[in-house]
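Notes to accompany the following structure.
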Amino acid sequence: MPAAPLEIRNLSAGYGPTRIIEGISFDVKAGDRLAVLGRNGMGKTTLLATLMGLTTCHGGEIRYGAEDVTSARTSARAKLGIGYVPQTRDIFTSLTVEENLRAGLKGRPPSALDEAYEMFPRLRERRGNFGKQLSGGEQQMLSMARTLLGKPSVLLLDEPLEGLAPVICDELMAMLVRLAATGDMTIILVEQQIERALDFANNVMVMERGRTSWQGAPDILINDRDLVDRLVGVGIH
Ligand SMILES: Nc1ncnc2c1ncn2[C@@H]1O[C@H](COP(=O)(O)OP(=O)(O)OP(=O)(O)O)[C@@H](O)[C@H]1O
């Protein structure tokens with residue numbers, strides 16, 4: 001599937017009656033790389049979960065390509081091509097790496113597993129190991145690989161680098177750069193490692209208390225540490 005654009009209009013959502021995100025609007029062009037930044041608890045995870053249909057939507061519109069998916073079920077969104085890698089790295093810990101990957105095939109032939117192994121050679125080495133035997137980095141790779149096997153047009157990544165060693169972060173970011181370079185995927189990256197997120201993105205949105213507090217080009221933030229400090233609460237070092 002080719003990369004698809006997203007149009008978010010006046011989106012409000014939360015958990016049951018509790019509203020967490022309030023009137024957010026933004027566009028992501030096909031093939032763009034949007035970084036979503038913000039302090040803890042500002043609603044970044046809730047935004048991604050809302051795009052995937054996992055929260056209570058209180059209003060607004062989510063357009064994916066030509067489709068209005070605001071009321072679509074999560075499974076329908078996944079089928080249309082929205083892929084989500086949650087912060088919790090949703091892997092099956094009592095299944096092997098290969099069994100986890102097979103669960104991501106979604107009707108594709110088993111030979112497609114080679115794509116995952118080429119992307120993450122470490123997973124090939126660990127194909128017979130159970131999910132629970134993997135390191136944090138390997139679990140993150142597995143979670144990403146399983147989602148990528150579904151060939152999403154839009155990929156939502158929630159803090160993929162959390163808790164990982166710098167060398168693994170380098171590896172994952174390099175993989176994301178290669179993926180983005182194909183132009184086949186629109187990527188929204190929520191990440192606390194600001195510098196890495198800014199290096200990767202071509203567009204940035206900052207969230208504060210469920211709203212958008214800043215949108216612009218990454219260069220502006222890369223060159224203005226005080227602004228980053230004001231918006232996100234940590235300087236770039
Ligand atoms: N399942 C839930 N039910 C009710 N409130 C929730 C739920 N999940 C998160 N929240 C609340 O929603 C708000 C936003 O949380 P969210 O996880 O979206 O923020 P975040 O910006 O992703 O933070 P972090 O960087 O810590 O992951 C927080 O106040 C949080 O307590």
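By order of appearance in the structure tokens: chains A, B, ..., then residues from 1 within every chain, and ligands from 1 in the order shown.
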
Once you count only C-alpha atoms, what closest atom pair and distance in Å to one decimal does each residue of segment 14-49 of chain A within 12 Å of segment 75-85 of chain A have, with rows by chain and rising residue number, as JSON lines?
```
{"residue": "A:Thr45", "atom": "CA", "partner": "A:Val85", "partner_atom": "CA", "distance": 10.8}
{"residue": "A:Leu47", "atom": "CA", "partner": "A:Tyr84", "partner_atom": "CA", "distance": 11.8}
{"residue": "A:Leu48", "atom": "CA", "partner": "A:Tyr84", "partner_atom": "CA", "distance": 8.0}
{"residue": "A:Ala49", "atom": "CA", "partner": "A:Tyr84", "partner_atom": "CA", "distance": 8.3}
```

| request: Compile the contact shell of segment 127-139 of chain A as a ChimeraX atom specification: residues with an atom at most 8 Å away, counting only C-alpha atoms, same-chain residues fewer than 5 positions apart removed. | output: /A:89,91-98,100,122,163-165,168

At most 10 Å from ligand 1 (only C-alpha atoms and all ligand atoms): residue list as a tab-separated table (two decimals) with C-alpha atoms, in the first residue's frame:
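Done, and the output landed in result_24.tsv:
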```tsv
chain	number	residue	atom	x	y	z
A	14	GLY	CA	-10.47	10.41	26.12
A	15	TYR	CA	-11.44	7.49	28.29
A	16	GLY	CA	-15.18	7.17	28.77
A	17	PRO	CA	-16.49	10.57	29.78
A	18	THR	CA	-13.01	11.89	30.65
A	19	ARG	CA	-11.70	14.14	27.92
A	20	ILE	CA	-7.94	14.04	27.52
A	21	ILE	CA	-7.35	15.56	24.11
A	36	VAL	CA	4.81	14.39	18.50
A	37	LEU	CA	6.56	15.78	21.56
A	38	GLY	CA	5.44	16.88	25.00
A	39	ARG	CA	6.01	16.35	28.69
A	40	ASN	CA	4.66	13.26	30.44
A	41	GLY	CA	0.90	12.95	30.66
A	42	MET	CA	0.12	15.57	28.00
A	43	GLY	CA	-1.95	13.20	25.85
A	44	LYS	CA	0.48	11.88	23.23
A	45	THR	CA	-0.36	8.22	23.81
A	46	THR	CA	-4.05	9.11	23.93
A	47	LEU	CA	-3.72	10.83	20.55
A	48	LEU	CA	-2.16	7.76	18.91
A	49	ALA	CA	-4.68	5.46	20.59
A	50	THR	CA	-7.47	7.71	19.28
A	54	LEU	CA	-8.91	2.68	21.02
A	55	THR	CA	-10.39	5.57	23.01
A	87	GLN	CA	4.33	1.83	24.15
A	158	ASP	CA	4.67	5.27	20.72
A	159	GLU	CA	8.02	5.84	22.41
A	162	GLU	CA	11.94	3.89	25.83
A	190	VAL	CA	5.89	9.95	19.79
A	191	GLU	CA	9.26	10.09	21.48
A	192	GLN	CA	10.87	11.49	24.63
A	206	VAL	CA	4.10	19.65	20.62
A	207	MET	CA	1.25	18.77	22.97
A	208	GLU	CA	0.38	20.43	26.25
A	209	ARG	CA	-2.56	19.33	28.38
A	210	GLY	CA	-4.34	17.61	25.52
```

| field | Top pick for closest residue to Asn202 of chain A, considering A:Thr147, A:Gln140, A:Asn10, A:Thr186 and counting only C-alpha atoms | value | A:Thr186

| request: Give the helix (DSSP H, G or I) residues of segment 32-197 of chain A, as DSSP finds them on the backbone, and put them as a ChimeraX atom specification. | output: /A:44-51,74-80,97-102,110-119,121-125,131-133,136-149,166-181,194-197

| field | Top pick for closest residue to Leu6 of chain A, considering A:Glu115, A:Val154, A:Arg108, A:Val177 and counting only C-alpha atoms | value | A:Val154

| field | Contacts of Val204 of chain A at 12 Å (only C-alpha atoms; same-chain gap of 3+ positions) as a ChimeraX atom specification | value | /A:26-28,32-38,187-191,194-195,197-201,207,212-222,228,231

| field | Pick from A:Ser12, A:Lys151, A:Arg196, A:Thr70 nearest to Leu105 of chain A, counting only C-alpha atoms | value | A:Lys151
